[in-house]
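Colleague: Hey, dropping entry.txt in here, compact mmCIF, C-alpha atoms:
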```
# COMPACT_ATOMS: atom_id res chain seq x y z
CA MET A 1 -9.29 16.73 -24.56
CA LYS A 2 -6.23 17.86 -22.66
CA SER A 3 -7.12 18.17 -19.02
CA ASN A 4 -5.53 17.87 -15.63
CA LEU A 5 -8.15 15.23 -14.88
CA PHE A 6 -6.29 12.92 -17.29
CA TYR A 7 -3.68 12.64 -14.54
CA LEU A 8 -6.26 11.34 -12.09
CA ALA A 9 -6.10 7.97 -13.93
CA PRO A 10 -2.85 6.76 -12.26
CA ILE A 11 -4.03 8.22 -8.96
CA SER A 12 -7.30 6.27 -9.04
CA PHE A 13 -5.52 3.12 -10.25
CA GLY A 14 -3.01 3.47 -7.40
CA LEU A 15 -5.79 3.87 -4.86
CA ILE A 16 -7.58 0.78 -6.23
CA VAL A 17 -4.33 -1.21 -5.85
CA VAL A 18 -4.01 0.03 -2.25
CA VAL A 19 -7.57 -1.13 -1.51
CA THR A 20 -6.92 -4.57 -3.07
CA GLY A 21 -3.77 -4.73 -0.92
CA ILE A 22 -5.86 -4.08 2.20
CA ILE A 23 -8.32 -6.82 1.17
CA ASP A 24 -5.39 -9.18 0.53
CA ALA A 25 -3.82 -8.42 3.91
CA TRP A 26 -7.16 -8.99 5.66
CA GLY A 27 -7.58 -12.34 3.87
CA ILE A 28 -4.11 -13.55 4.87
CA ILE A 29 -4.56 -12.45 8.49
CA ARG A 30 -7.89 -14.30 8.64
CA ALA A 31 -6.34 -17.42 7.05
CA LYS A 32 -3.54 -17.33 9.65
CA ARG A 33 -6.09 -16.99 12.43
CA ARG A 34 -8.06 -19.99 11.11
CA LEU A 35 -4.92 -22.14 10.83
CA LYS A 36 -3.87 -21.16 14.37
CA LYS A 37 -7.34 -22.19 15.57
CA THR A 38 -6.98 -25.56 13.81
CA LEU A 39 -3.54 -26.07 15.38
CA ALA A 40 -4.83 -25.04 18.82
CA GLU A 41 -7.60 -27.64 18.55
CA SER A 42 -5.01 -30.39 18.05
CA ILE A 43 -2.70 -29.20 20.82
CA ASP A 44 -4.12 -31.69 23.37
CA SER A 45 -4.29 -34.66 21.00
CA ASP A 46 -0.91 -34.13 19.32
CA PRO A 47 2.10 -33.77 21.68
CA SER A 48 4.35 -32.56 18.86
CA VAL A 49 2.11 -29.51 18.35
CA LYS A 50 2.30 -28.77 22.08
CA LEU A 51 6.09 -29.08 22.00
CA LEU A 52 6.37 -26.76 18.99
CA ALA A 53 4.07 -24.25 20.68
CA GLN A 54 6.40 -24.27 23.69
CA HIS A 55 9.43 -23.85 21.42
CA ALA A 56 7.74 -20.95 19.60
CA LYS A 57 7.66 -19.11 22.92
CA SER A 58 11.36 -19.58 23.63
CA GLY A 59 12.67 -19.71 20.04
CA PHE A 60 12.49 -22.20 17.18
CA ASP A 61 15.49 -24.43 16.31
CA LYS A 62 16.31 -25.48 12.76
CA SER A 63 14.86 -28.96 13.32
CA ASP A 64 11.60 -27.41 14.55
CA TYR A 65 10.92 -25.86 11.16
CA ASP A 66 10.89 -29.22 9.36
CA GLN A 67 8.47 -30.67 11.87
CA ALA A 68 6.36 -27.53 11.84
CA SER A 69 6.05 -27.52 8.05
CA VAL A 70 4.84 -31.16 8.10
CA ILE A 71 2.19 -30.31 10.72
CA ILE A 72 1.16 -27.16 8.86
CA SER A 73 0.75 -28.99 5.54
CA GLU A 74 -1.47 -31.57 7.29
CA SER A 75 -3.57 -28.93 9.02
CA LEU A 76 -3.91 -26.91 5.81
CA LYS A 77 -5.93 -29.76 4.26
CA ARG A 78 -8.71 -28.97 6.73
CA LEU A 79 -8.95 -25.35 5.59
CA PRO A 80 -10.74 -23.90 2.52
CA GLN A 81 -8.71 -23.52 -0.68
CA SER A 82 -8.55 -19.73 -0.48
CA ASP A 83 -6.99 -19.96 2.99
CA GLN A 84 -4.55 -22.60 1.75
CA ARG A 85 -3.42 -20.26 -1.04
CA PHE A 86 -2.96 -17.38 1.39
CA ILE A 87 -0.88 -19.48 3.81
CA GLU A 88 1.20 -20.93 0.95
CA ARG A 89 2.06 -17.37 -0.04
CA GLY A 90 3.46 -16.77 3.42
CA LEU A 91 5.31 -20.08 3.53
CA HIS A 92 6.96 -19.48 0.14
CA GLN A 93 7.44 -15.72 0.19
CA GLY A 94 11.05 -15.86 -1.06
CA ASN A 95 12.53 -14.40 2.13
CA VAL A 96 14.05 -17.03 4.45
CA PRO A 97 13.89 -15.06 7.76
CA GLY A 98 10.35 -14.01 6.87
CA GLU A 99 9.31 -17.60 6.14
CA ARG A 100 10.78 -18.77 9.46
CA ARG A 101 9.14 -16.02 11.46
CA PHE A 102 5.86 -16.75 9.63
CA VAL A 103 6.05 -20.44 10.64
CA ALA A 104 7.02 -19.58 14.23
CA ASP A 105 4.14 -17.10 14.42
CA LEU A 106 1.67 -19.84 13.44
CA PHE A 107 2.70 -21.82 16.52
CA THR A 108 2.23 -19.02 19.08
CA LEU A 109 -0.64 -20.90 20.66
CA LEU A 110 0.21 -20.80 24.36
CA MET B 1 14.09 -17.55 16.13
CA ASN B 2 11.28 -16.14 18.25
CA ALA B 3 7.79 -15.62 16.91
CA PRO B 4 7.19 -11.86 16.54
CA SER B 5 4.44 -10.22 18.58
CA LEU B 6 1.94 -7.84 16.98
CA ASN B 7 3.62 -4.90 18.70
CA GLU B 8 6.98 -5.94 17.24
CA LYS B 9 5.51 -6.38 13.76
CA LEU B 10 3.89 -2.94 13.85
CA SER B 11 7.09 -1.33 15.14
CA VAL B 12 9.08 -2.90 12.29
CA TRP B 13 6.48 -1.59 9.81
CA VAL B 14 6.58 1.93 11.27
CA LEU B 15 10.39 1.90 11.22
CA SER B 16 10.42 0.82 7.58
CA VAL B 17 7.89 3.52 6.62
CA VAL B 18 9.93 6.21 8.38
CA ALA B 19 13.19 5.03 6.80
CA VAL B 20 11.98 4.28 3.27
CA VAL B 21 9.01 6.61 2.74
CA LEU B 22 9.41 9.63 5.02
CA LEU B 23 13.19 10.19 5.02
CA PRO B 24 13.41 10.50 1.21
CA LEU B 25 10.88 13.36 1.49
CA PHE B 26 13.42 15.42 3.46
CA PRO B 27 14.40 17.66 0.48
CA ILE B 28 10.73 18.60 0.05
CA TYR B 29 10.51 19.43 3.76
CA VAL B 30 13.63 21.64 3.49
CA GLU B 31 12.17 23.46 0.47
CA TRP B 32 8.87 23.94 2.27
CA VAL B 33 10.59 25.36 5.37
CA LYS B 34 12.94 27.63 3.39
CA ASP B 35 10.22 29.10 1.18
CA LEU B 36 8.69 32.19 2.81
CA ARG B 37 5.24 31.37 1.41
CA GLY B 38 5.56 27.78 2.60
CA SER B 39 5.16 26.35 -0.88
CA VAL B 40 7.05 23.65 -2.76
CA LYS B 41 7.90 23.80 -6.46
CA THR B 42 5.84 21.48 -8.66
CA GLU B 43 9.04 20.19 -10.29
CA SER B 44 10.41 19.10 -6.91
CA LEU B 45 7.25 17.17 -6.09
CA LEU B 46 7.17 15.49 -9.50
CA LEU B 47 10.87 14.63 -9.47
CA THR B 48 10.63 13.12 -5.97
CA THR B 49 7.52 11.17 -7.01
CA ALA B 50 9.23 9.82 -10.15
CA VAL B 51 12.40 8.80 -8.27
CA LEU B 52 10.44 7.12 -5.46
CA ALA B 53 8.12 5.33 -7.91
CA ALA B 54 11.10 4.02 -9.89
CA GLY B 55 12.90 2.83 -6.74
CA TYR B 56 9.84 1.19 -5.20
CA GLY B 57 8.93 -0.37 -8.54
CA PHE B 58 12.23 -2.24 -8.63
CA SER B 59 11.79 -3.68 -5.13
CA SER B 60 8.10 -4.48 -5.58
CA GLU B 61 7.03 -8.14 -5.58
CA ASN B 62 3.49 -7.76 -6.85
CA ASN B 63 2.52 -7.00 -10.46
CA TRP B 64 -0.41 -4.76 -9.49
CA PHE B 65 1.84 -2.60 -7.33
CA ARG B 66 4.55 -2.63 -10.02
CA SER B 67 2.08 -1.42 -12.67
CA ALA B 68 0.82 1.33 -10.37
CA TYR B 69 4.40 2.51 -9.71
CA LEU B 70 5.15 2.48 -13.45
CA LEU B 71 2.00 4.47 -14.26
CA VAL B 72 2.75 7.03 -11.56
CA PHE B 73 6.35 7.29 -12.80
CA PHE B 74 5.35 7.96 -16.42
CA PHE B 75 2.51 10.32 -15.52
CA SER B 76 4.66 12.35 -13.12
CA VAL B 77 7.39 12.69 -15.73
CA GLY B 78 4.76 13.49 -18.38
CA TYR B 79 3.08 16.11 -16.19
CA ASP B 80 6.33 18.06 -16.10
CA PHE B 81 6.42 18.22 -19.93
CA ARG B 82 2.88 19.52 -20.43
CA ALA B 83 2.50 22.23 -23.03
CA ALA B 84 1.72 25.62 -21.51
CA PRO B 85 -1.64 27.14 -22.64
CA HIS B 86 -1.32 29.47 -25.62
CA PRO B 87 -1.51 33.09 -24.41
CA THR B 88 -4.03 34.08 -27.12
CA SER B 89 -6.32 31.08 -26.67
CA PRO B 90 -9.68 31.66 -24.93
CA ASN B 91 -9.88 30.54 -21.34
CA THR B 92 -11.66 27.21 -21.59
CA SER B 93 -10.25 25.49 -18.52
CA TYR B 94 -12.69 23.24 -16.69
CA GLU B 95 -12.82 25.56 -13.69
CA THR B 96 -14.83 28.15 -15.65
CA VAL B 97 -17.18 25.90 -17.63
CA HIS B 98 -20.73 26.09 -16.27
CA PHE B 99 -22.54 23.84 -18.68
CA VAL B 100 -25.69 23.46 -16.59
CA HIS B 101 -26.50 27.20 -16.73
CA LYS B 102 -26.79 26.99 -20.49
CA SER B 103 -28.96 23.90 -20.48
CA SER B 104 -32.64 24.24 -21.25
CA TYR B 105 -33.58 20.68 -20.42
CA PHE B 106 -34.52 21.33 -16.80
CA PRO B 107 -37.34 23.36 -15.22
CA ASP B 108 -36.40 26.73 -13.70
CA ASN B 109 -36.24 25.71 -10.04
CA SER B 110 -34.09 22.63 -10.69
CA LYS B 111 -31.66 24.77 -12.64
CA GLU B 112 -30.45 26.46 -9.45
CA VAL B 113 -30.04 23.20 -7.58
CA LEU B 114 -28.22 21.64 -10.52
CA SER B 115 -26.00 24.66 -10.95
CA ASP B 116 -25.07 24.39 -7.24
CA VAL B 117 -24.24 20.70 -7.70
CA ALA B 118 -22.29 21.52 -10.85
CA ASP B 119 -20.42 24.30 -9.02
CA PHE B 120 -19.59 21.85 -6.25
CA PHE B 121 -18.18 19.29 -8.66
CA THR B 122 -16.41 21.97 -10.69
CA SER B 123 -14.72 23.23 -7.55
CA ILE B 124 -13.69 19.66 -6.62
CA LYS B 125 -12.35 19.13 -10.14
CA GLY B 126 -10.48 22.41 -9.94
CA TRP B 127 -9.03 21.55 -6.55
CA CYS B 128 -7.98 18.07 -7.73
CA GLY B 129 -6.45 19.54 -10.88
CA GLY B 130 -4.42 21.99 -8.85
CA HIS B 131 -3.01 19.31 -6.59
CA ILE B 132 -2.10 16.57 -9.07
CA PRO B 133 1.65 16.47 -8.14
CA THR B 134 0.81 16.22 -4.43
CA PHE B 135 -1.72 13.46 -5.11
CA LEU B 136 0.80 11.51 -7.19
CA LEU B 137 3.29 11.71 -4.31
CA ILE B 138 0.67 10.67 -1.76
CA VAL B 139 -0.37 7.70 -3.93
CA VAL B 140 3.23 6.47 -4.24
CA ALA B 141 3.67 6.78 -0.46
CA LEU B 142 0.38 4.96 0.21
CA LEU B 143 1.25 2.17 -2.24
CA HIS B 144 4.59 1.53 -0.60
CA MET B 145 3.17 1.77 2.92
CA MET B 146 0.61 -0.87 1.94
CA GLU B 147 3.26 -3.11 0.42
CA ARG B 148 5.45 -2.75 3.50
CA PHE B 149 2.44 -3.60 5.69
CA LEU B 150 2.08 -6.88 3.78
CA TRP B 151 5.79 -7.63 4.14
CA HIS B 152 6.36 -6.73 7.79
CA VAL B 153 3.01 -7.25 9.52
CA VAL B 154 1.39 -9.99 7.44
CA PHE B 155 4.46 -11.92 6.23
CA ASP B 156 6.61 -11.24 9.36
CA ARG B 157 9.70 -9.96 7.54
CA ARG B 158 12.47 -8.12 9.35
CA PHE B 159 13.64 -4.60 8.65
CA PRO B 160 16.43 -3.93 7.85
CA ASP B 161 17.06 -7.45 6.64
CA TRP B 162 20.60 -7.60 8.06
CA ILE B 163 19.43 -6.89 11.64
CA LYS B 164 19.06 -10.23 13.39
CA VAL B 165 17.41 -9.02 16.59
CA VAL B 166 14.40 -7.18 15.16
```
Turn this file's structure into structure tokens for me.
Modeller:
Amino acid sequence: MKSNLFYLAPISFGLIVVVTGIIDAWGIIRAKRRLKKTLAESIDSDPSVKLLAQHAKSGFDKSDYDQASVIISESLKRLPQSDQRFIERGLHQGNVPGERRFVADLFTLL
Amino acid sequence: MNAPSLNEKLSVWVLSVVAVVLLPLFPIYVEWVKDLRGSVKTESLLLTTAVLAAGYGFSSENNWFRSAYLLVFFFSVGYDFRAAPHPTSPNTSYETVHFVHKSSYFPDNSKEVLSDVADFFTSIKGWCGGHIPTFLLIVVALLHMMERFLWHVVFDRRFPDWIKVV
């Protein structure tokens, strides 16, 4: 049957994709928050985390990113797999400035 | 490189939405302002929707979003090529079909309630049917706003990419 309602199919599909996007965004934000909490817990025991947190305030250098990625990969092991996947998506998003800002944002602990 | 604050992330997102979603709607705004009745031609809405969906589809990084853009593109192009109703055909559009009135499966008092419910849904269906091009445009805008939110607020990307400060 020819009907205008036929055209509601892409509209409803689009709205479903928007809702899944919101759920995705919420999941990634929560994963980031959990990783930040894990990093904040080790700030007193690990001086390198404290140093990186100080650098994140003033601005990360190139060498900071290498050290930060090592610390992040160690801390990720303590998180659930879903959170690990979400964080990995941010770390390998295919946009270098975005990846760097993402890493720097994880160390805004102070 | 400094870590972006939430305020900065949101401002980048708003800037990107204004630049990439709202500014391309300027021709529609001009048509709306120039028309004395304040209406926009269906063709203009559909053409804008199709062009935006095609453009956003190319820059999209997620298959779900890409499929939604493709669907909206094809449906908005297809909507423009619909066959016009034959002038001699009886009027059988969904706005005028009151199927519940003719039903004999319900007791008399429930008939009225059901006919009210049916009228309500028929009016919603009619309203939706009359605004399909606008809905398609809104869906494309929402899809891209959501994608930009993921890029700029969740994944901390800059906008525009060549600006080093923001």
Colleague: Mind checking which residues fall within 9 Å of B:Val21, counting all atoms listed in the file, ignoring those fewer than 3 positions away in the same chain, and posting them as number ranges by chain?
Modeller: B: 16-18, 24-25, 52, 141, 144-145
Colleague: To one decimal in Å, tell me the separation between atom CA of B:Trp13 and atom CA of B:Leu45.
Modeller: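 Spanning atom CA of B:Trp13 to atom CA of B:Leu45 is a straight-line distance of 24.6 Å.
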Colleague: Show which residues sit within 12 Å of A:Gly21, as JSON, numbers by chain. Count all atoms listed in the file, and ignore same-chain residues fewer than 2 positions away.
Modeller: {"A": [14, 15, 16, 17, 18, 19, 23, 24, 25, 26, 27, 28], "B": [62, 63, 64, 65, 142, 143, 144, 145, 146, 147, 148, 149, 150, 151, 154]}
Colleague: Could you list, as a list of chain:residue names, every residue of chain B that has an atom within 7 Å of an atom of chain A, counting only C-alpha atoms?
Modeller: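 For chain B, the answer reads B:Met1, B:Asn2, B:Ala3, B:Pro4, B:Trp64, B:Phe65, B:Ala68, B:Leu71, B:Val72, B:Phe75, B:Gly129, B:Ile132, B:Phe135, B:Leu136, B:Val139, B:Leu143, B:Met146, B:Leu150, B:Val154, B:Phe155, B:Asp156, B:Arg157, B:Arg158.
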Colleague: Work out how far atom CA of A:Ala31 is from atom CA of B:Pro160, in Å to one decimal.
Modeller: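 If I compute the distance from atom CA of B:Pro160 to atom CA of A:Ala31, I get 26.5 Å.
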Colleague: As AutoDock Vina command-line options, please: the centre and edge lengths in Å, to one decimal, of an axis-aligned box enclosing every listed atom of stretch 9-28 of chain A with 5 Å added on each side.
Modeller:
```
--center_x -5.6 --center_y -2.7 --center_z -4.1 --size_x 15.5 --size_y 31.8 --size_z 29.6
```
Colleague: Could you add N, CA and C atoms to stretch 142-158 of chain B and give me the result as an mmCIF file, in the coordinates of the input?
Modeller:
```cif
data_model
loop_
_atom_site.group_PDB
_atom_site.id
_atom_site.type_symbol
_atom_site.label_atom_id
_atom_site.label_comp_id
_atom_site.auth_asym_id
_atom_site.auth_seq_id
_atom_site.Cartn_x
_atom_site.Cartn_y
_atom_site.Cartn_z
ATOM 1 N N LEU B 142 1.395 5.907 -0.264
ATOM 2 C CA LEU B 142 0.380 4.960 0.210
ATOM 3 C C LEU B 142 0.633 3.550 -0.327
ATOM 4 N N LEU B 143 0.982 3.478 -1.620
ATOM 5 C CA LEU B 143 1.250 2.170 -2.240
ATOM 6 C C LEU B 143 2.382 1.456 -1.503
ATOM 7 N N HIS B 144 3.455 2.198 -1.230
ATOM 8 C CA HIS B 144 4.590 1.530 -0.600
ATOM 9 C C HIS B 144 4.306 1.205 0.872
ATOM 10 N N MET B 145 3.538 2.074 1.535
ATOM 11 C CA MET B 145 3.170 1.770 2.920
ATOM 12 C C MET B 145 2.345 0.486 2.982
ATOM 13 N N MET B 146 1.439 0.336 1.992
ATOM 14 C CA MET B 146 0.610 -0.870 1.940
ATOM 15 C C MET B 146 1.463 -2.108 1.683
ATOM 16 N N GLU B 147 2.401 -1.968 0.743
ATOM 17 C CA GLU B 147 3.260 -3.110 0.420
ATOM 18 C C GLU B 147 4.114 -3.499 1.626
ATOM 19 N N ARG B 148 4.629 -2.486 2.303
ATOM 20 C CA ARG B 148 5.450 -2.750 3.500
ATOM 21 C C ARG B 148 4.609 -3.389 4.603
ATOM 22 N N PHE B 149 3.330 -2.999 4.681
ATOM 23 C CA PHE B 149 2.440 -3.600 5.690
ATOM 24 C C PHE B 149 2.322 -5.112 5.426
ATOM 25 N N LEU B 150 2.160 -5.453 4.139
ATOM 26 C CA LEU B 150 2.080 -6.880 3.780
ATOM 27 C C LEU B 150 3.379 -7.596 4.153
ATOM 28 N N TRP B 151 4.511 -6.975 3.878
ATOM 29 C CA TRP B 151 5.790 -7.630 4.140
ATOM 30 C C TRP B 151 6.062 -7.804 5.635
ATOM 31 N N HIS B 152 5.883 -6.717 6.399
ATOM 32 C CA HIS B 152 6.360 -6.730 7.790
ATOM 33 C C HIS B 152 5.310 -7.161 8.805
ATOM 34 N N VAL B 153 4.040 -6.868 8.539
ATOM 35 C CA VAL B 153 3.010 -7.250 9.520
ATOM 36 C C VAL B 153 2.371 -8.583 9.139
ATOM 37 N N VAL B 154 2.082 -8.767 7.850
ATOM 38 C CA VAL B 154 1.390 -9.990 7.440
ATOM 39 C C VAL B 154 2.381 -11.141 7.230
ATOM 40 N N PHE B 155 3.493 -10.866 6.541
ATOM 41 C CA PHE B 155 4.460 -11.920 6.230
ATOM 42 C C PHE B 155 5.655 -11.968 7.197
ATOM 43 N N ASP B 156 5.620 -11.175 8.251
ATOM 44 C CA ASP B 156 6.610 -11.240 9.360
ATOM 45 C C ASP B 156 8.062 -11.022 8.936
ATOM 46 N N ARG B 157 8.305 -10.192 7.951
ATOM 47 C CA ARG B 157 9.700 -9.960 7.540
ATOM 48 C C ARG B 157 10.378 -8.958 8.460
ATOM 49 N N ARG B 158 11.701 -9.056 8.516
ATOM 50 C CA ARG B 158 12.470 -8.120 9.350
ATOM 51 C C ARG B 158 12.763 -6.854 8.551
#
```
